[in-house]
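Enquirer: Coordinates in coords_4.cif, mmCIF, C-alpha atoms, are listed below.
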data_entry
#
loop_
_atom_site.label_atom_id
_atom_site.label_comp_id
_atom_site.auth_asym_id
_atom_site.auth_seq_id
_atom_site.Cartn_x
_atom_site.Cartn_y
_atom_site.Cartn_z
CA MET A 1 0.00 0.00 0.00
CA ASP A 2 1.31 3.44 -0.95
CA PHE A 3 1.10 5.35 2.33
CA LEU A 4 1.07 8.98 1.18
CA PRO A 5 -1.30 8.49 -1.79
CA THR A 6 -3.65 6.52 0.47
CA LEU A 7 -3.40 9.20 3.16
CA TRP A 8 -4.38 11.90 0.67
CA PHE A 9 -7.20 9.77 -0.68
CA ILE A 10 -8.55 9.64 2.88
CA LEU A 11 -7.98 13.37 3.41
CA ILE A 12 -9.86 14.21 0.21
CA ALA A 13 -12.75 12.03 1.42
CA VAL A 14 -12.68 13.98 4.71
CA LEU A 15 -12.77 17.28 2.81
CA TRP A 16 -15.84 16.14 0.86
CA ILE A 17 -17.50 15.06 4.10
CA GLY A 18 -16.81 18.49 5.58
CA TYR A 19 -18.19 20.20 2.49
CA LEU A 20 -21.35 18.10 2.28
CA PHE A 21 -22.04 18.52 6.01
CA LEU A 22 -21.45 22.28 6.23
CA GLU A 23 -22.45 23.44 2.78
CA GLY A 24 -25.20 20.81 2.76
CA PHE A 25 -27.50 22.66 5.10
CA ASP A 26 -26.94 26.07 3.52
CA LEU A 27 -27.56 24.68 0.02
CA GLY A 28 -30.71 23.14 1.47
CA VAL A 29 -31.73 26.44 3.06
CA GLY A 30 -31.27 28.07 -0.34
CA MET A 31 -33.57 25.52 -1.97
CA LEU A 32 -36.15 26.07 0.78
CA MET A 33 -36.35 29.78 -0.03
CA LYS A 34 -39.14 29.17 -2.55
CA THR A 35 -40.47 25.82 -1.36
CA PHE A 36 -40.72 26.29 2.42
CA ALA A 37 -40.77 29.97 3.39
CA LYS A 38 -44.26 31.48 3.18
CA ASN A 39 -43.44 35.17 2.93
CA ASP A 40 -40.62 37.69 2.60
CA LYS A 41 -39.91 37.88 6.32
CA GLN A 42 -39.55 34.11 6.60
CA ARG A 43 -37.18 34.12 3.62
CA ARG A 44 -35.09 36.74 5.42
CA VAL A 45 -35.03 34.53 8.51
CA LEU A 46 -33.73 31.65 6.39
CA LEU A 47 -31.07 33.86 4.85
CA ASN A 48 -29.95 35.08 8.25
CA THR A 49 -29.44 31.54 9.54
CA VAL A 50 -26.72 30.92 6.95
CA GLY A 51 -25.66 34.51 6.21
CA PRO A 52 -22.58 34.54 8.49
CA VAL A 53 -21.30 31.10 7.44
CA TRP A 54 -22.23 30.18 3.85
CA ASP A 55 -19.12 31.67 2.22
CA GLY A 56 -16.84 30.02 4.78
CA ASN A 57 -18.49 26.68 4.07
CA GLU A 58 -17.52 26.94 0.41
CA VAL A 59 -13.86 26.91 1.43
CA TRP A 60 -14.23 23.14 1.79
CA LEU A 61 -15.22 22.82 -1.88
CA LEU A 62 -12.23 24.86 -3.04
CA THR A 63 -9.90 22.90 -0.77
CA ALA A 64 -11.26 19.53 -1.96
CA GLY A 65 -10.77 20.56 -5.60
CA GLY A 66 -7.32 22.01 -4.92
CA ALA A 67 -6.19 18.94 -2.97
CA THR A 68 -7.35 16.67 -5.80
CA PHE A 69 -5.42 18.79 -8.33
CA ALA A 70 -2.23 18.72 -6.28
CA ALA A 71 -2.33 15.17 -4.91
CA PHE A 72 -3.90 13.34 -7.87
CA PRO A 73 -3.40 15.43 -11.04
CA TYR A 74 -4.47 12.61 -13.40
CA TRP A 75 -7.69 12.09 -11.44
CA TYR A 76 -8.37 15.82 -11.55
CA ALA A 77 -7.58 16.11 -15.28
CA SER A 78 -9.73 13.16 -16.36
CA LEU A 79 -12.67 13.98 -14.09
CA PHE A 80 -12.89 17.69 -14.79
CA SER A 81 -12.38 17.36 -18.54
CA ALA A 82 -14.96 14.56 -18.81
CA LEU A 83 -17.49 16.60 -16.82
CA TYR A 84 -16.69 19.99 -18.32
CA ILE A 85 -20.30 20.91 -19.18
CA PRO A 86 -21.98 19.97 -15.86
CA LEU A 87 -19.18 21.51 -13.80
CA VAL A 88 -19.42 24.78 -15.72
CA LEU A 89 -23.13 24.79 -14.90
CA VAL A 90 -22.25 24.19 -11.23
CA LEU A 91 -19.81 27.12 -11.34
CA ILE A 92 -22.43 29.41 -12.88
CA ALA A 93 -24.97 28.28 -10.26
CA LEU A 94 -22.55 29.02 -7.42
CA ILE A 95 -21.79 32.46 -8.87
CA PHE A 96 -25.49 33.35 -9.20
CA ARG A 97 -26.12 32.05 -5.70
CA ALA A 98 -23.30 34.11 -4.19
CA VAL A 99 -24.37 37.27 -6.01
CA SER A 100 -27.98 36.72 -4.93
CA PHE A 101 -27.05 36.65 -1.24
CA GLU A 102 -25.58 40.13 -1.63
CA TYR A 103 -28.05 41.69 -4.07
CA ARG A 104 -31.32 40.46 -2.58
CA GLY A 105 -31.10 42.85 0.35
CA LYS A 106 -30.49 45.74 -2.03
CA ALA A 107 -33.55 45.07 -4.20
CA HIS A 108 -36.24 47.77 -3.92
CA THR A 109 -39.09 45.97 -5.67
CA LEU A 110 -40.96 42.73 -5.09
CA ALA A 111 -40.13 41.54 -8.60
CA ALA A 112 -36.40 42.06 -8.02
CA ARG A 113 -36.47 40.22 -4.68
CA ASN A 114 -38.41 37.39 -6.31
CA PHE A 115 -35.76 37.13 -9.04
CA TRP A 116 -32.94 36.86 -6.51
CA ASP A 117 -34.94 34.36 -4.43
CA TRP A 118 -35.27 32.11 -7.47
CA ALA A 119 -31.57 32.58 -8.23
CA ILE A 120 -30.68 31.37 -4.72
CA CYS A 121 -33.13 28.45 -4.94
CA LEU A 122 -32.17 27.23 -8.42
CA GLY A 123 -28.47 27.99 -7.92
CA SER A 124 -28.47 25.87 -4.76
CA PHE A 125 -30.29 23.03 -6.53
CA VAL A 126 -28.00 22.97 -9.58
CA ALA A 127 -24.87 23.14 -7.41
CA ALA A 128 -26.04 20.31 -5.12
CA PHE A 129 -27.16 18.10 -8.03
CA GLY A 130 -24.01 18.70 -10.06
CA ILE A 131 -21.62 18.01 -7.19
CA GLY A 132 -23.55 14.87 -6.26
CA ALA A 133 -23.43 13.65 -9.86
CA MET A 134 -19.69 14.35 -10.07
CA LEU A 135 -18.92 12.43 -6.88
CA ALA A 136 -21.15 9.53 -7.93
CA LEU A 137 -19.42 9.24 -11.31
CA SER A 138 -16.00 9.46 -9.67
CA THR A 139 -16.87 6.37 -7.61
CA THR A 140 -18.85 4.36 -10.20
CA GLY A 141 -16.86 5.17 -13.33
CA LEU A 142 -16.69 7.06 -16.60
CA PRO A 143 -15.95 5.83 -20.15
CA LEU A 144 -12.18 6.49 -20.09
CA ASN A 145 -9.61 5.14 -22.53
CA ALA A 146 -5.98 4.23 -21.86
CA ASN A 147 -4.98 7.93 -21.88
CA GLY A 148 -7.63 8.84 -19.30
CA ASP A 149 -9.70 10.68 -21.93
CA ARG A 150 -13.48 10.42 -22.06
CA VAL A 151 -14.87 8.31 -24.90
CA GLY A 152 -18.21 9.33 -26.40
CA GLY A 153 -20.09 12.56 -26.79
CA ALA A 154 -20.45 15.55 -24.49
CA PHE A 155 -23.15 13.75 -22.46
CA ALA A 156 -21.51 10.34 -22.23
CA TRP A 157 -21.30 10.95 -18.48
CA PHE A 158 -25.07 11.12 -18.04
CA ASN A 159 -26.35 7.84 -16.60
CA MET A 160 -28.40 6.47 -13.72
CA TYR A 161 -25.49 6.80 -11.28
CA ALA A 162 -25.15 10.51 -12.05
CA VAL A 163 -28.88 10.98 -11.41
CA LEU A 164 -28.75 8.87 -8.25
CA GLY A 165 -25.80 10.82 -6.85
CA GLY A 166 -27.35 14.16 -7.80
CA LEU A 167 -30.68 13.33 -6.21
CA GLY A 168 -28.91 11.85 -3.18
CA VAL A 169 -27.05 15.08 -2.42
CA VAL A 170 -30.09 17.29 -3.17
CA ALA A 171 -32.35 15.25 -0.89
CA PHE A 172 -29.73 15.14 1.87
CA CYS A 173 -29.24 18.92 1.67
CA LEU A 174 -32.99 19.51 2.01
CA ILE A 175 -33.44 17.25 5.02
CA HIS A 176 -30.19 18.52 6.57
CA ALA A 177 -31.46 22.09 6.17
CA LEU A 178 -34.73 21.25 7.92
CA SER A 179 -32.75 19.78 10.82
CA PHE A 180 -30.52 22.87 10.88
CA LEU A 181 -33.57 25.17 10.98
CA THR A 182 -34.93 23.35 14.04
CA LEU A 183 -31.72 24.38 15.81
CA LYS A 184 -31.34 27.90 14.44
CA THR A 185 -34.91 29.26 14.43
CA ASP A 186 -37.91 29.48 16.71
CA GLY A 187 -41.62 29.94 16.25
CA GLU A 188 -43.58 28.84 13.18
CA ILE A 189 -40.52 28.07 11.06
CA ARG A 190 -39.09 25.75 13.70
CA VAL A 191 -42.41 23.95 14.20
CA ARG A 192 -42.95 23.34 10.48
CA ALA A 193 -39.32 22.30 9.94
CA ARG A 194 -39.57 19.80 12.80
CA LYS A 195 -42.77 18.35 11.39
CA LEU A 196 -41.37 17.94 7.87
CA LEU A 197 -38.11 16.50 9.25
CA GLY A 198 -39.89 13.68 11.08
CA ARG A 199 -42.09 12.92 8.07
CA TRP A 200 -39.51 12.92 5.27
CA LEU A 201 -36.15 12.06 6.87
CA PRO A 202 -36.01 8.32 6.02
CA VAL A 203 -37.34 8.87 2.48
CA ALA A 204 -34.93 11.71 1.72
CA LEU A 205 -31.88 9.63 2.67
CA LEU A 206 -32.77 6.67 0.43
CA PRO A 207 -30.99 7.96 -2.74
CA LEU A 208 -27.74 8.57 -0.83
CA ALA A 209 -28.02 5.12 0.75
CA GLY A 210 -28.72 3.63 -2.68
CA TRP A 211 -25.56 5.26 -4.08
CA ALA A 212 -23.47 3.81 -1.23
CA ILE A 213 -24.96 0.33 -1.74
CA ALA A 214 -24.35 0.54 -5.51
CA VAL A 215 -20.64 1.30 -4.99
CA VAL A 216 -20.32 -1.58 -2.51
CA VAL A 217 -21.98 -4.00 -4.97
CA LEU A 218 -19.96 -2.79 -7.98
CA ASN A 219 -16.69 -3.27 -6.11
CA ARG A 220 -17.75 -6.34 -4.10
CA SER A 221 -16.32 -4.75 -0.98
CA GLY A 222 -16.95 -6.67 2.22
CA ILE A 223 -15.11 -4.29 4.55
CA ALA A 224 -17.30 -1.36 3.43
CA LEU A 225 -20.33 -3.12 4.90
CA VAL A 226 -19.18 -2.05 8.38
CA PRO A 227 -19.59 1.73 7.87
CA LEU A 228 -22.71 1.00 5.79
CA ALA A 229 -24.29 -0.75 8.77
CA LEU A 230 -23.32 2.15 11.04
CA ALA A 231 -24.92 4.56 8.55
CA VAL A 232 -28.18 2.63 8.78
CA VAL A 233 -28.05 2.77 12.59
CA ALA A 234 -27.40 6.53 12.45
CA LEU A 235 -30.36 6.97 10.08
CA VAL A 236 -32.68 5.17 12.51
CA VAL A 237 -31.37 7.21 15.47
CA ALA A 238 -31.79 10.47 13.57
CA TRP A 239 -35.35 9.59 12.55
CA LEU A 240 -36.44 8.50 16.03
CA SER A 241 -34.83 11.61 17.53
CA ALA A 242 -36.69 13.81 15.05
CA LEU A 243 -39.99 12.15 15.94
CA LYS A 244 -39.27 12.68 19.64
CA ARG A 245 -38.33 16.36 19.03
CA ARG A 246 -34.74 15.82 20.13
CA GLU A 247 -33.41 18.27 17.58
CA GLY A 248 -29.73 18.23 18.52
CA ARG A 249 -29.57 14.44 18.49
CA ALA A 250 -31.33 14.32 15.11
CA PHE A 251 -28.80 16.76 13.65
CA ILE A 252 -25.88 14.73 15.01
CA GLY A 253 -27.48 11.53 13.70
CA LEU A 254 -27.66 13.03 10.21
CA GLY A 255 -24.01 14.01 10.50
CA VAL A 256 -22.98 10.49 11.49
CA PHE A 257 -25.07 9.08 8.63
CA LEU A 258 -23.22 11.33 6.18
CA VAL A 259 -19.78 10.45 7.59
CA MET A 260 -20.47 6.71 7.51
CA GLY A 261 -22.17 6.89 4.10
CA VAL A 262 -19.28 8.73 2.44
CA ALA A 263 -16.79 6.47 4.24
CA THR A 264 -18.65 3.49 2.77
CA ILE A 265 -18.43 4.94 -0.74
CA PHE A 266 -14.73 5.82 -0.64
CA MET A 267 -13.78 2.64 1.20
CA ALA A 268 -15.57 0.49 -1.38
CA ALA A 269 -14.04 2.42 -4.29
CA TYR A 270 -10.44 2.17 -2.96
CA PRO A 271 -7.86 1.86 -4.52
CA ASN A 272 -9.66 3.34 -7.54
CA VAL A 273 -10.03 7.11 -7.67
CA LEU A 274 -11.78 7.07 -11.06
CA PRO A 275 -12.78 3.71 -12.59
CA SER A 276 -13.09 3.21 -16.34
CA THR A 277 -16.33 1.63 -17.56
CA ILE A 278 -14.53 0.54 -20.77
CA ASP A 279 -11.80 -1.61 -19.28
CA ALA A 280 -10.66 -2.10 -15.69
CA ALA A 281 -7.08 -1.88 -16.94
CA TYR A 282 -7.71 1.84 -17.58
CA ASN A 283 -8.78 2.57 -14.00
CA LEU A 284 -7.10 5.49 -12.30
CA THR A 285 -5.91 4.41 -8.86
CA VAL A 286 -4.18 5.99 -5.86
CA SER A 287 -0.92 4.67 -7.30
CA ASN A 288 -1.01 5.62 -10.97
CA ALA A 289 -2.89 8.93 -10.55
CA SER A 290 -0.92 10.48 -7.69
CA SER A 291 1.76 13.16 -7.58
CA THR A 292 5.37 12.49 -6.64
CA PRO A 293 6.23 11.45 -3.08
CA TYR A 294 8.00 14.79 -2.53
CA THR A 295 4.86 16.74 -3.48
CA LEU A 296 2.65 14.64 -1.23
CA LYS A 297 5.10 14.96 1.67
CA LEU A 298 5.20 18.75 1.33
CA MET A 299 1.39 18.89 1.12
CA SER A 300 1.13 16.79 4.27
CA ILE A 301 3.32 19.21 6.21
CA VAL A 302 1.27 22.21 5.06
CA ALA A 303 -2.01 20.41 5.83
CA ALA A 304 -0.83 19.57 9.35
CA PHE A 305 -0.74 23.30 10.12
CA GLY A 306 -3.51 24.57 7.84
CA VAL A 307 -6.37 22.18 8.62
CA PRO A 308 -6.42 22.84 12.40
CA LEU A 309 -6.51 26.60 11.70
CA VAL A 310 -9.47 26.23 9.35
CA LEU A 311 -11.33 24.08 11.87
CA ALA A 312 -10.57 26.57 14.66
CA TYR A 313 -11.84 29.68 12.87
CA GLN A 314 -14.93 27.92 11.52
CA GLY A 315 -15.73 26.55 14.96
CA TRP A 316 -15.35 30.03 16.43
CA THR A 317 -17.67 31.47 13.76
CA TYR A 318 -20.42 28.98 14.53
CA TRP A 319 -20.03 29.64 18.25
CA VAL A 320 -20.39 33.41 17.79
CA PHE A 321 -23.54 33.03 15.66
CA ARG A 322 -25.05 30.16 17.65
CA LYS A 323 -28.29 31.82 18.85
CA ARG A 324 -31.71 31.21 17.36
CA ILE A 325 -33.36 33.63 14.94
CA THR A 326 -37.08 34.41 14.86
CA GLU A 327 -39.30 36.58 12.69
CA SER A 328 -39.39 39.16 15.49
CA HIS A 329 -35.66 39.73 14.96
CA ILE A 330 -36.23 40.80 11.35
CA PRO A 331 -37.10 44.49 10.89
CA GLU A 332 -39.59 45.61 8.29
CA ALA A 333 -38.15 46.07 4.82
CA HIS A 334 -37.22 49.64 4.08
CA VAL A 335 -35.18 51.61 1.58
CA VAL A 336 -31.91 53.09 2.82
CA THR A 337 -30.76 56.22 1.05
CA SER A 338 -27.31 57.71 1.26
CA ILE A 339 -26.69 61.33 2.18
CA VAL A 340 -23.87 62.91 0.22
#
Would it be possible to restate this file's structure as structure tokens?
Expert:
Amino acid sequence: MDFLPTLWFILIAVLWIGYLFLEGFDLGVGMLMKTFAKNDKQRRVLLNTVGPVWDGNEVWLLTAGGATFAAFPYWYASLFSALYIPLVLVLIALIFRAVSFEYRGKAHTLAARNFWDWAICLGSFVAAFGIGAMLALSTTGLPLNANGDRVGGAFAWFNMYAVLGGLGVVAFCLIHALSFLTLKTDGEIRVRARKLLGRWLPVALLPLAGWAIAVVVLNRSGIALVPLALAVVALVVAWLSALKRREGRAFIGLGVFLVMGVATIFMAAYPNVLPSTIDAAYNLTVSNASSTPYTLKLMSIVAAFGVPLVLAYQGWTYWVFRKRITESHIPEAHVVTSIV
């Protein structure tokens, strides 16, 4: 076993877990802007729950992509070139979403606010679906030839695994957001979020569980059944906790489900980082897709100092903005004019 390539394969899996957990609930909150909130004030409550943290959460996405580029350049090159079209759409969605967070509060008309609300909602959906599809294809395979190039047309990547992964991440983000809202809000929003969480939690997690099971079956991995079983236990605990209105325990249960589910997927896929559906001989693995030992060693030293700092400042941010938000905290909308 190649120690450093394997270590960075694990670290990249951890980065994706961090991204899906933290960005998961704020992508879900974005999608709930037009499907859950009843009026403008409730939409502003939803925005304020993620306002101080959403941009920090996206650091995990950038770090995961950067770590893949540096540690496994062949994995990065094959994956991103094969999925050029969907990943461009994800980038556009993230840009529109980020701009909408800033511009919505500056809109003076109902039509303008409605436009930015839809931009947040659809941008969050496209980003979640695209990232889920990308991760699913990275673990189930793409039609790659001996050079690592995609074979087929521009949409050769589109298959049932891409849809399953996309729907799995979208559904998880929605249910994760409902759980987050039970912790961050009070009043009507909290009550409705709690009710929907208990009703839809097991159904919403089925696509993600199906993706994990598919990877285990494709790779015939026996060892991955251990985290898969733990994910099922966490799902049951989260659901029962939601039904009993134990909001903190439900949120933790969802987190454990995500950790164990992603661990199942990456453990079953190992040592492949990007399988080829044409011929197993063309699979990209932790050995043939990795950077040089010197590069990986240097990255490990930097990560040993950088990762704790990121965790520290993000933990501090969540602690500072830990209190609940209600509609009474939101002032009436008004136009602010500057005096020159």
Enquirer: Please check which residues have atoms at most 7 Å from (-10.8, 8.6, -15.2) in the file's coordinates, counting only C-alpha atoms, and write them as an MDAnalysis selection string.
Expert: chainID A and resid 75 78:79 142 144 148 274:276 283:284
Enquirer: Of the candidates A:Ala93, A:Ala70, A:Val45, A:Leu4, which shows the shortest atom-to-atom distance to Pro331 (chain A), using only C-alpha atoms?
Expert: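 So, comparing all the options, the nearest one is A:Val45.
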Enquirer: Using the chain letters and numbers from the file, which residues does the PyMOL selection byres ((chain A and resi 159) around 12) grab, as a PyMOL selection string?
Expert: chain A and resi 133-134+136-137+140-143+155-158+160-166+277
Enquirer: Using all atoms listed in the file, what table do you get, as JSON lines, when you list each residue of region 259-335 of chain A with an atom no more than 10 Å from region 187-203 of chain A, its nearest pair of atoms, and their distance in Å rounded to one decimal, rows by chain then rising number?
Expert:
{"residue": "A:Arg324", "atom": "CA", "partner": "A:Arg190", "partner_atom": "CA", "distance": 9.9}
{"residue": "A:Ile325", "atom": "CA", "partner": "A:Gly187", "partner_atom": "CA", "distance": 9.1}
{"residue": "A:Thr326", "atom": "CA", "partner": "A:Gly187", "partner_atom": "CA", "distance": 6.5}
{"residue": "A:Glu327", "atom": "CA", "partner": "A:Gly187", "partner_atom": "CA", "distance": 7.9}
{"residue": "A:Ser328", "atom": "CA", "partner": "A:Gly187", "partner_atom": "CA", "distance": 9.5}
Enquirer: So that I have them on file, write out the residues from the current selection with C-alpha atoms, as an mmCIF file, keeping the file's coordinate frame.
Expert:
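Final output, saved to selection_12.cif:
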data_model
loop_
_atom_site.group_PDB
_atom_site.id
_atom_site.type_symbol
_atom_site.label_atom_id
_atom_site.label_comp_id
_atom_site.auth_asym_id
_atom_site.auth_seq_id
_atom_site.Cartn_x
_atom_site.Cartn_y
_atom_site.Cartn_z
ATOM 1 C CA ARG A 324 -31.710 31.210 17.360
ATOM 2 C CA ILE A 325 -33.360 33.630 14.940
ATOM 3 C CA THR A 326 -37.080 34.410 14.860
ATOM 4 C CA GLU A 327 -39.300 36.580 12.690
ATOM 5 C CA SER A 328 -39.390 39.160 15.490
#
Enquirer: Please produce, as a tab-separated table, a per-residue contact table for region 286-315 of chain A versus region 50-58 of chain A (criterion: any atom at most 10 Å away, only C-alpha atoms considered), showing the nearest atom pair and its distance in Å to one decimal, sorted by chain then residue number.
Expert:
residue	atom	partner	partner_atom	distance
A:Val310	CA	A:Gly56	CA	9.5
A:Tyr313	CA	A:Gly56	CA	9.5
A:Gln314	CA	A:Gly56	CA	7.3
Enquirer: Within 7 Å of (-38.8, 31.5, -2.3) in the file's own coordinates, which protein, DNA or RNA residues have an atom, counting only C-alpha atoms? List them as an NGL selection string.
Expert: :A and (32-35 or 37 or 43 or 117-118 or 121)
